[in-house]
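Asker: File name upload.cif; file contents mmCIF, N, CA and C atoms; full text below.
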data_upload
loop_
_atom_site.label_atom_id
_atom_site.label_comp_id
_atom_site.auth_asym_id
_atom_site.auth_seq_id
_atom_site.Cartn_x
_atom_site.Cartn_y
_atom_site.Cartn_z
N MET A 967 59.26 25.53 62.95
CA MET A 967 58.64 24.29 62.53
C MET A 967 59.44 23.69 61.38
N ARG A 968 59.63 22.41 61.40
CA ARG A 968 60.41 21.70 60.40
C ARG A 968 59.58 21.47 59.14
N THR A 969 60.18 21.72 57.99
CA THR A 969 59.50 21.40 56.73
C THR A 969 60.33 20.40 55.98
N GLY A 970 59.70 19.67 55.16
CA GLY A 970 60.39 18.66 54.37
C GLY A 970 59.49 18.17 53.28
N PRO A 971 59.95 17.20 52.48
CA PRO A 971 59.15 16.72 51.37
C PRO A 971 57.81 16.14 51.80
N GLY A 972 57.77 15.45 52.93
CA GLY A 972 56.51 14.85 53.38
C GLY A 972 55.49 15.92 53.74
N ARG A 973 55.95 16.94 54.47
CA ARG A 973 55.05 18.02 54.86
C ARG A 973 54.57 18.77 53.63
N LEU A 974 55.47 19.05 52.70
CA LEU A 974 55.08 19.75 51.48
C LEU A 974 54.10 18.92 50.66
N ALA A 975 54.31 17.61 50.63
CA ALA A 975 53.38 16.74 49.90
C ALA A 975 52.00 16.78 50.53
N LEU A 976 51.94 16.76 51.86
CA LEU A 976 50.65 16.81 52.54
C LEU A 976 49.96 18.13 52.27
N VAL A 977 50.70 19.24 52.30
CA VAL A 977 50.12 20.54 52.02
C VAL A 977 49.59 20.57 50.58
N ALA A 978 50.34 20.01 49.63
CA ALA A 978 49.89 19.96 48.25
C ALA A 978 48.64 19.11 48.10
N VAL A 979 48.63 17.97 48.77
CA VAL A 979 47.45 17.09 48.72
C VAL A 979 46.27 17.78 49.37
N ALA A 980 46.51 18.44 50.50
CA ALA A 980 45.43 19.15 51.18
C ALA A 980 44.89 20.26 50.28
N GLY A 981 45.77 20.93 49.56
CA GLY A 981 45.33 21.96 48.61
C GLY A 981 44.48 21.38 47.50
N ALA A 982 44.86 20.22 47.01
CA ALA A 982 44.06 19.55 45.98
C ALA A 982 42.70 19.17 46.52
N VAL A 983 42.66 18.75 47.77
CA VAL A 983 41.37 18.41 48.39
C VAL A 983 40.48 19.64 48.44
N ALA A 984 41.05 20.77 48.81
CA ALA A 984 40.26 22.00 48.90
C ALA A 984 39.66 22.35 47.56
N ALA A 985 40.45 22.20 46.50
CA ALA A 985 39.95 22.52 45.18
C ALA A 985 38.87 21.54 44.73
N ALA A 986 39.05 20.28 45.06
CA ALA A 986 38.13 19.26 44.57
C ALA A 986 36.91 19.06 45.47
N ALA A 987 37.08 19.17 46.78
CA ALA A 987 36.00 18.78 47.68
C ALA A 987 35.50 19.89 48.58
N GLY A 988 36.02 21.07 48.47
CA GLY A 988 35.54 22.16 49.30
C GLY A 988 36.40 22.37 50.53
N CYS A 989 36.05 23.41 51.24
CA CYS A 989 36.88 23.85 52.37
C CYS A 989 36.73 22.99 53.61
N THR A 990 35.62 22.30 53.77
CA THR A 990 35.41 21.52 54.98
C THR A 990 36.47 20.44 55.13
N GLU A 991 36.68 19.63 54.09
CA GLU A 991 37.68 18.57 54.16
C GLU A 991 39.08 19.14 54.31
N PHE A 992 39.38 20.22 53.58
CA PHE A 992 40.70 20.84 53.67
C PHE A 992 40.97 21.31 55.10
N SER A 993 40.01 21.96 55.70
CA SER A 993 40.17 22.44 57.07
C SER A 993 40.38 21.29 58.04
N TYR A 994 39.58 20.25 57.90
CA TYR A 994 39.70 19.09 58.79
C TYR A 994 41.07 18.42 58.64
N ILE A 995 41.50 18.15 57.42
CA ILE A 995 42.78 17.49 57.19
C ILE A 995 43.92 18.36 57.69
N SER A 996 43.85 19.66 57.45
CA SER A 996 44.89 20.57 57.93
C SER A 996 44.99 20.55 59.44
N LYS A 997 43.87 20.64 60.12
CA LYS A 997 43.89 20.64 61.58
C LYS A 997 44.35 19.31 62.16
N THR A 998 43.97 18.23 61.51
CA THR A 998 44.22 16.90 62.07
C THR A 998 45.60 16.35 61.73
N TYR A 999 46.11 16.60 60.53
CA TYR A 999 47.31 15.88 60.06
C TYR A 999 48.50 16.73 59.64
N VAL A 1000 48.37 18.02 59.46
CA VAL A 1000 49.43 18.81 58.83
C VAL A 1000 50.76 18.80 59.58
N GLY A 1001 50.79 18.66 60.88
CA GLY A 1001 52.05 18.67 61.62
C GLY A 1001 52.73 17.32 61.72
N LEU A 1002 52.17 16.30 61.12
CA LEU A 1002 52.71 14.94 61.28
C LEU A 1002 53.65 14.57 60.14
N GLN A 1003 54.69 13.82 60.49
CA GLN A 1003 55.61 13.29 59.48
C GLN A 1003 54.99 12.03 58.86
N PRO A 1004 54.98 11.93 57.54
CA PRO A 1004 54.42 10.72 56.94
C PRO A 1004 55.36 9.54 57.07
N GLN A 1005 54.78 8.37 57.09
CA GLN A 1005 55.52 7.13 57.00
C GLN A 1005 55.01 6.43 55.75
N VAL A 1006 55.77 5.49 55.25
CA VAL A 1006 55.38 4.79 54.04
C VAL A 1006 55.19 3.32 54.35
N VAL A 1007 54.05 2.80 53.95
CA VAL A 1007 53.77 1.38 54.10
C VAL A 1007 53.56 0.82 52.69
N THR A 1008 54.04 -0.40 52.48
CA THR A 1008 53.86 -1.02 51.17
C THR A 1008 52.95 -2.24 51.30
N ILE A 1009 52.16 -2.43 50.26
CA ILE A 1009 51.26 -3.59 50.21
C ILE A 1009 51.41 -4.24 48.85
N GLY A 1010 50.77 -5.38 48.67
CA GLY A 1010 50.77 -6.06 47.37
C GLY A 1010 52.16 -6.24 46.83
N CYS A 1011 52.36 -5.80 45.61
CA CYS A 1011 53.68 -5.93 44.99
C CYS A 1011 54.45 -4.62 45.17
N ASN A 1012 54.66 -4.28 46.45
CA ASN A 1012 55.44 -3.11 46.86
C ASN A 1012 54.83 -1.77 46.45
N ASP A 1013 53.51 -1.68 46.41
CA ASP A 1013 52.83 -0.41 46.19
C ASP A 1013 52.93 0.42 47.47
N PRO A 1014 53.59 1.59 47.43
CA PRO A 1014 53.74 2.40 48.64
C PRO A 1014 52.56 3.36 48.84
N TYR A 1015 52.18 3.54 50.09
CA TYR A 1015 51.15 4.50 50.48
C TYR A 1015 51.70 5.32 51.63
N GLU A 1016 51.47 6.65 51.60
CA GLU A 1016 51.88 7.49 52.72
C GLU A 1016 50.84 7.37 53.82
N VAL A 1017 51.31 7.34 55.07
CA VAL A 1017 50.42 7.21 56.22
C VAL A 1017 50.72 8.36 57.19
N TYR A 1018 49.67 9.07 57.57
CA TYR A 1018 49.75 10.10 58.59
C TYR A 1018 48.96 9.58 59.78
N ASP A 1019 49.63 9.40 60.90
CA ASP A 1019 49.04 8.74 62.07
C ASP A 1019 48.77 9.75 63.18
N GLN A 1020 47.51 9.95 63.50
CA GLN A 1020 47.11 10.82 64.60
C GLN A 1020 46.79 9.91 65.78
N ARG A 1021 47.82 9.54 66.53
CA ARG A 1021 47.71 8.50 67.56
C ARG A 1021 46.77 8.88 68.70
N GLN A 1022 46.74 10.15 69.11
CA GLN A 1022 45.87 10.52 70.21
C GLN A 1022 44.39 10.42 69.81
N GLN A 1023 44.09 10.64 68.55
CA GLN A 1023 42.71 10.53 68.07
C GLN A 1023 42.40 9.15 67.49
N ARG A 1024 43.46 8.34 67.38
CA ARG A 1024 43.34 6.99 66.80
C ARG A 1024 42.73 7.02 65.40
N LYS A 1025 43.41 7.78 64.56
CA LYS A 1025 43.01 7.90 63.16
C LYS A 1025 44.27 7.91 62.30
N VAL A 1026 44.17 7.32 61.12
CA VAL A 1026 45.26 7.38 60.14
C VAL A 1026 44.69 7.86 58.81
N LEU A 1027 45.48 8.69 58.13
CA LEU A 1027 45.14 9.15 56.79
C LEU A 1027 46.03 8.39 55.83
N ILE A 1028 45.44 7.65 54.91
CA ILE A 1028 46.19 6.92 53.89
C ILE A 1028 46.13 7.74 52.61
N VAL A 1029 47.31 8.01 52.01
CA VAL A 1029 47.39 8.85 50.83
C VAL A 1029 48.06 8.08 49.70
N SER A 1030 47.42 8.09 48.55
CA SER A 1030 47.97 7.49 47.34
C SER A 1030 48.39 8.63 46.42
N ASN A 1031 48.71 8.32 45.17
CA ASN A 1031 48.98 9.37 44.19
C ASN A 1031 48.34 9.00 42.85
N ASN A 1032 48.21 9.99 41.98
CA ASN A 1032 47.51 9.79 40.70
C ASN A 1032 48.15 8.70 39.86
N LEU A 1033 49.47 8.68 39.78
CA LEU A 1033 50.14 7.69 38.96
C LEU A 1033 49.83 6.27 39.43
N ARG A 1034 49.90 6.04 40.74
CA ARG A 1034 49.60 4.71 41.28
C ARG A 1034 48.14 4.34 41.01
N GLU A 1035 47.26 5.32 41.09
CA GLU A 1035 45.84 5.04 40.89
C GLU A 1035 45.51 4.74 39.43
N ILE A 1036 46.40 5.08 38.52
CA ILE A 1036 46.16 4.80 37.10
C ILE A 1036 46.93 3.56 36.65
N THR A 1037 48.18 3.45 37.07
CA THR A 1037 49.03 2.37 36.58
C THR A 1037 49.51 1.44 37.68
N GLY A 1038 48.86 1.47 38.83
CA GLY A 1038 49.33 0.73 39.99
C GLY A 1038 49.45 -0.76 39.78
N CYS A 1039 50.25 -1.35 40.62
CA CYS A 1039 50.51 -2.77 40.60
C CYS A 1039 49.22 -3.56 40.80
N GLY A 1040 49.00 -4.55 40.01
CA GLY A 1040 47.85 -5.41 40.16
C GLY A 1040 46.57 -4.88 39.54
N LEU A 1041 46.60 -3.70 38.93
CA LEU A 1041 45.38 -3.16 38.32
C LEU A 1041 45.12 -3.77 36.95
N GLU A 1042 46.19 -4.04 36.22
CA GLU A 1042 46.11 -4.67 34.90
C GLU A 1042 45.08 -4.01 34.00
N GLY A 1043 45.11 -2.67 33.98
CA GLY A 1043 44.21 -1.93 33.11
C GLY A 1043 42.79 -1.78 33.61
N LYS A 1044 42.48 -2.34 34.77
CA LYS A 1044 41.13 -2.23 35.33
C LYS A 1044 40.96 -0.88 36.02
N ASP A 1045 39.72 -0.50 36.26
CA ASP A 1045 39.39 0.73 36.96
C ASP A 1045 39.92 0.65 38.39
N PRO A 1046 40.79 1.58 38.80
CA PRO A 1046 41.34 1.53 40.16
C PRO A 1046 40.27 1.65 41.25
N ALA A 1047 39.15 2.25 40.93
CA ALA A 1047 38.08 2.42 41.92
C ALA A 1047 37.55 1.07 42.40
N LEU A 1048 37.66 0.05 41.57
CA LEU A 1048 37.15 -1.27 41.94
C LEU A 1048 37.94 -1.91 43.08
N THR A 1049 39.20 -1.53 43.23
CA THR A 1049 40.04 -2.12 44.29
C THR A 1049 40.47 -1.10 45.34
N ARG A 1050 40.07 0.15 45.17
CA ARG A 1050 40.56 1.23 46.05
C ARG A 1050 40.26 0.95 47.52
N ARG A 1051 39.04 0.62 47.84
CA ARG A 1051 38.69 0.40 49.25
C ARG A 1051 39.52 -0.72 49.86
N ARG A 1052 39.68 -1.82 49.14
CA ARG A 1052 40.48 -2.94 49.64
C ARG A 1052 41.94 -2.53 49.83
N ARG A 1053 42.50 -1.84 48.85
CA ARG A 1053 43.91 -1.44 48.93
C ARG A 1053 44.17 -0.48 50.08
N PHE A 1054 43.33 0.52 50.24
CA PHE A 1054 43.52 1.49 51.30
C PHE A 1054 43.32 0.83 52.67
N SER A 1055 42.32 -0.03 52.80
CA SER A 1055 42.10 -0.76 54.06
C SER A 1055 43.29 -1.64 54.39
N GLU A 1056 43.83 -2.31 53.37
CA GLU A 1056 45.00 -3.16 53.58
C GLU A 1056 46.21 -2.33 54.02
N ALA A 1057 46.37 -1.15 53.43
CA ALA A 1057 47.49 -0.28 53.83
C ALA A 1057 47.34 0.16 55.29
N ALA A 1058 46.13 0.50 55.71
CA ALA A 1058 45.91 0.92 57.10
C ALA A 1058 46.17 -0.24 58.06
N ALA A 1059 45.65 -1.42 57.76
CA ALA A 1059 45.85 -2.59 58.64
C ALA A 1059 47.32 -2.99 58.69
N THR A 1060 48.00 -2.95 57.56
CA THR A 1060 49.43 -3.28 57.51
C THR A 1060 50.23 -2.29 58.34
N TYR A 1061 49.89 -1.01 58.24
CA TYR A 1061 50.59 0.01 59.02
C TYR A 1061 50.44 -0.25 60.52
N LEU A 1062 49.23 -0.53 60.96
CA LEU A 1062 49.02 -0.79 62.40
C LEU A 1062 49.83 -2.00 62.85
N LYS A 1063 49.84 -3.04 62.03
CA LYS A 1063 50.60 -4.25 62.37
C LYS A 1063 52.10 -3.95 62.44
N GLU A 1064 52.61 -3.21 61.46
CA GLU A 1064 54.05 -2.92 61.40
C GLU A 1064 54.50 -1.94 62.48
N THR A 1065 53.58 -1.24 63.11
CA THR A 1065 53.95 -0.31 64.19
C THR A 1065 53.55 -0.89 65.55
N ALA A 1066 53.54 -2.21 65.65
CA ALA A 1066 53.34 -2.95 66.90
C ALA A 1066 51.99 -2.68 67.55
N ARG A 1067 50.94 -2.60 66.73
CA ARG A 1067 49.59 -2.43 67.27
C ARG A 1067 48.66 -3.50 66.69
N GLU A 1068 49.10 -4.74 66.90
CA GLU A 1068 48.35 -5.88 66.37
C GLU A 1068 46.95 -6.01 66.98
N THR A 1069 46.77 -5.47 68.20
CA THR A 1069 45.46 -5.57 68.85
C THR A 1069 44.47 -4.53 68.34
N CYS A 1070 44.94 -3.59 67.55
CA CYS A 1070 44.08 -2.53 67.04
C CYS A 1070 43.28 -3.03 65.83
N THR A 1071 42.07 -2.53 65.73
CA THR A 1071 41.21 -2.88 64.59
C THR A 1071 40.63 -1.61 63.98
N ILE A 1072 40.38 -1.68 62.68
CA ILE A 1072 39.76 -0.57 61.97
C ILE A 1072 38.28 -0.54 62.33
N VAL A 1073 37.78 0.62 62.74
CA VAL A 1073 36.38 0.72 63.15
C VAL A 1073 35.58 1.74 62.33
N GLY A 1074 36.25 2.49 61.47
CA GLY A 1074 35.55 3.47 60.66
C GLY A 1074 36.37 3.90 59.47
N GLU A 1075 35.71 4.45 58.47
CA GLU A 1075 36.37 4.85 57.24
C GLU A 1075 35.68 6.11 56.71
N THR A 1076 36.50 7.10 56.31
CA THR A 1076 35.97 8.30 55.67
C THR A 1076 36.78 8.53 54.40
N VAL A 1077 36.12 8.50 53.27
CA VAL A 1077 36.78 8.74 51.98
C VAL A 1077 36.67 10.23 51.68
N PHE A 1078 37.82 10.89 51.54
CA PHE A 1078 37.83 12.31 51.20
C PHE A 1078 37.90 12.50 49.69
N THR A 1079 38.84 11.81 49.05
CA THR A 1079 39.01 11.87 47.60
C THR A 1079 39.46 10.50 47.14
N ASP A 1080 39.68 10.36 45.85
CA ASP A 1080 40.21 9.10 45.33
C ASP A 1080 41.63 8.84 45.83
N LEU A 1081 42.29 9.86 46.34
CA LEU A 1081 43.67 9.72 46.80
C LEU A 1081 43.82 9.70 48.31
N GLN A 1082 42.75 9.97 49.06
CA GLN A 1082 42.86 10.09 50.52
C GLN A 1082 41.68 9.41 51.21
N THR A 1083 42.01 8.53 52.14
CA THR A 1083 40.99 7.91 52.97
C THR A 1083 41.49 7.90 54.41
N GLU A 1084 40.61 8.25 55.32
CA GLU A 1084 40.93 8.22 56.73
C GLU A 1084 40.28 7.00 57.37
N PHE A 1085 41.04 6.35 58.26
CA PHE A 1085 40.53 5.21 59.00
C PHE A 1085 40.62 5.50 60.49
N ALA A 1086 39.53 5.27 61.20
CA ALA A 1086 39.54 5.32 62.66
C ALA A 1086 39.84 3.91 63.14
N TYR A 1087 40.60 3.81 64.24
CA TYR A 1087 40.91 2.49 64.77
C TYR A 1087 40.73 2.48 66.27
N SER A 1088 40.56 1.29 66.79
CA SER A 1088 40.36 1.09 68.22
C SER A 1088 41.40 0.08 68.70
N CYS A 1089 41.93 0.33 69.91
CA CYS A 1089 42.94 -0.56 70.48
C CYS A 1089 42.58 -0.90 71.92
N ALA A 1090 43.05 -2.05 72.37
CA ALA A 1090 42.83 -2.45 73.75
C ALA A 1090 43.66 -1.59 74.70
N GLU A 1091 44.83 -1.15 74.26
CA GLU A 1091 45.73 -0.36 75.09
C GLU A 1091 45.23 1.08 75.20
N PRO A 1092 45.58 1.79 76.30
CA PRO A 1092 45.18 3.19 76.42
C PRO A 1092 45.92 4.07 75.41
N VAL A 1093 45.37 5.22 75.14
CA VAL A 1093 45.99 6.19 74.23
C VAL A 1093 47.26 6.72 74.88
N GLU A 1094 48.33 6.81 74.10
CA GLU A 1094 49.59 7.35 74.62
C GLU A 1094 49.45 8.84 74.91
N LYS A 1095 50.19 9.31 75.89
CA LYS A 1095 50.21 10.73 76.17
C LYS A 1095 50.99 11.43 75.07
N PRO A 1096 50.64 12.69 74.74
CA PRO A 1096 51.41 13.42 73.74
C PRO A 1096 52.88 13.47 74.11
N GLY A 1097 53.75 13.29 73.13
CA GLY A 1097 55.18 13.31 73.35
C GLY A 1097 55.79 11.96 73.68
N THR A 1098 54.96 10.92 73.84
CA THR A 1098 55.47 9.59 74.14
C THR A 1098 56.25 9.07 72.94
N LYS A 1099 57.40 8.48 73.19
CA LYS A 1099 58.21 7.87 72.12
C LYS A 1099 57.48 6.62 71.65
N VAL A 1100 57.16 6.56 70.36
CA VAL A 1100 56.39 5.44 69.82
C VAL A 1100 57.16 4.80 68.67
N PRO A 1101 56.89 3.52 68.38
CA PRO A 1101 57.60 2.86 67.29
C PRO A 1101 57.24 3.47 65.94
N ARG A 1102 58.23 3.59 65.09
CA ARG A 1102 58.01 4.01 63.71
C ARG A 1102 58.46 2.88 62.81
N LEU A 1103 58.05 2.93 61.60
CA LEU A 1103 58.42 1.86 60.67
C LEU A 1103 59.93 1.85 60.49
N PRO A 1104 60.54 0.66 60.48
CA PRO A 1104 62.00 0.57 60.36
C PRO A 1104 62.50 1.15 59.03
N GLY A 1105 63.61 1.86 59.12
CA GLY A 1105 64.25 2.38 57.92
C GLY A 1105 63.52 3.55 57.30
N ARG A 1106 62.55 4.11 58.00
CA ARG A 1106 61.80 5.24 57.49
C ARG A 1106 61.87 6.37 58.50
N TYR A 1107 61.66 7.62 58.07
CA TYR A 1107 61.78 8.78 58.95
C TYR A 1107 60.89 8.62 60.16
#
Could the structure of this file be written out as structure tokens, please?

Answerer:
Amino acid sequence: MRTGPGRLALVAVAGAVAAAAGCTEFSYISKTYVGLQPQVVTIGCNDPYEVYDQRQQRKVLIVSNNLREITGCGLEGKDPALTRRRRFSEAAATYLKETARETCTIVGETVFTDLQTEFAYSCAEPVEKPGTKVPRLPGRY
């Protein structure tokens, strides 16, 4: 199995989830997302968010980091919690658009921590078979 900075970051984030939110979320995130390579989507004034896309289940995990949540672009000293839902939703919608899934819409949201939110989405097109070559964001792994 291939390891790299993205996988290690997800394992670290998943570990933080286990410490903060218990084993249920850690187990779910590990089973659902641990084998996926992250992609990066930017919103607003180039704020990057990592995206883990589980295409067969039509779910994406949006991951931020502590520094962005404290000093992020556009916060201007305000509580990041006030804009978190909007920012994470925008990152998920932007990701779907940039990966040629304009017909897809967000249909559900699960907040795991202040740094991780999962979005379920629905598309008019059928689910791709595992192993299907799919578009990835340009210039990213």

Asker: Might you pull out every residue within 8 Å of Lys1095 (chain A), with all atoms listed in the file counted and same-chain residues fewer than 4 positions away left off, and present them as an MDAnalysis selection string?

Answerer: chainID A and resid 1021:1022 1099

Asker: Those residues with N, CA and C atoms, as a tab-separated table (two decimals), in the frame of the given file please?

Answerer:
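Once written, out_34.tsv looks like this:
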chain	number	residue	atom	x	y	z
A	1021	ARG	N	47.82	9.54	66.53
A	1021	ARG	CA	47.71	8.50	67.56
A	1021	ARG	C	46.77	8.88	68.70
A	1022	GLN	N	46.74	10.15	69.11
A	1022	GLN	CA	45.87	10.52	70.21
A	1022	GLN	C	44.39	10.42	69.81
A	1099	LYS	N	57.40	8.48	73.19
A	1099	LYS	CA	58.21	7.87	72.12
A	1099	LYS	C	57.48	6.62	71.65

Asker: Let me make sure I understand: among A:Ile995, A:Leu1081, A:Thr1060, A:Gly1010, which one has the smallest atom-to-atom distance to Val1029 (chain A) if we use only N, CA and C atoms?

Answerer: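 The closest residue to Val1029 (chain A) is A:Leu1081.
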
Asker: Of the candidates A:Val1077, A:Cys1070, A:Ile1028, A:Ala1059, which one gets nearest to Ala1047 (chain A) if we count only C-alpha atoms?

Answerer: A:Val1077

Asker: Go through A:Asp1045, A:Leu1103, A:Arg1052, A:Ala1086 one by one, measure the shortest atom-to-atom distance of each to Thr1065 (chain A) using all atoms listed in the file, and give the residue with the smallest value.

Answerer: A:Leu1103

Asker: Kindly indicate which residue among A:Ile1072, A:Leu1033, A:Leu1027, A:Cys1039 lies nearest to Cys1011 (chain A), using only C-alpha atoms for the distances.

Answerer: A:Cys1039

Asker: Please determine, counting only C-alpha atoms, which residue among A:Thr1098, A:Thr998, A:Gln1082, A:Ser1055 has the shortest atom-to-atom distance to Arg1024 (chain A).

Answerer: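 Between A:Thr1098, A:Thr998, A:Gln1082, A:Ser1055, the residue approaching Arg1024 (chain A) most closely is A:Thr998.
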
Asker: Expressed in Å to a single decimal, how great is the separation between CA of Pro1101 (chain A) and CA of Glu1056 (chain A)?

Answerer: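 It comes out at 19.6 Å.
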
Asker: What are the centre and edge lengths in Å, to one decimal, of the axis-aligned box around all listed atoms of region 1003-1010 of chain A with 5 Å added on each side, as lines of an AutoDock Vina configuration file?

Answerer:
center_x = 53.3
center_y = 3.8
center_z = 53.7
size_x = 15.0
size_y = 30.1
size_z = 23.7

Asker: Take CA of Ala1058 (chain A) and CA of Val1026 (chain A) and report the distance between them in Å, one decimal.

Answerer: 7.2 Å

Asker: One decimal, Å: what's the distance from atom C of Gln1003 (chain A) over to atom C of Glu1016 (chain A), could you say?

Answerer: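 So the two atoms, atom C of Gln1003 (chain A) and atom C of Glu1016 (chain A), lie 8.0 Å apart.
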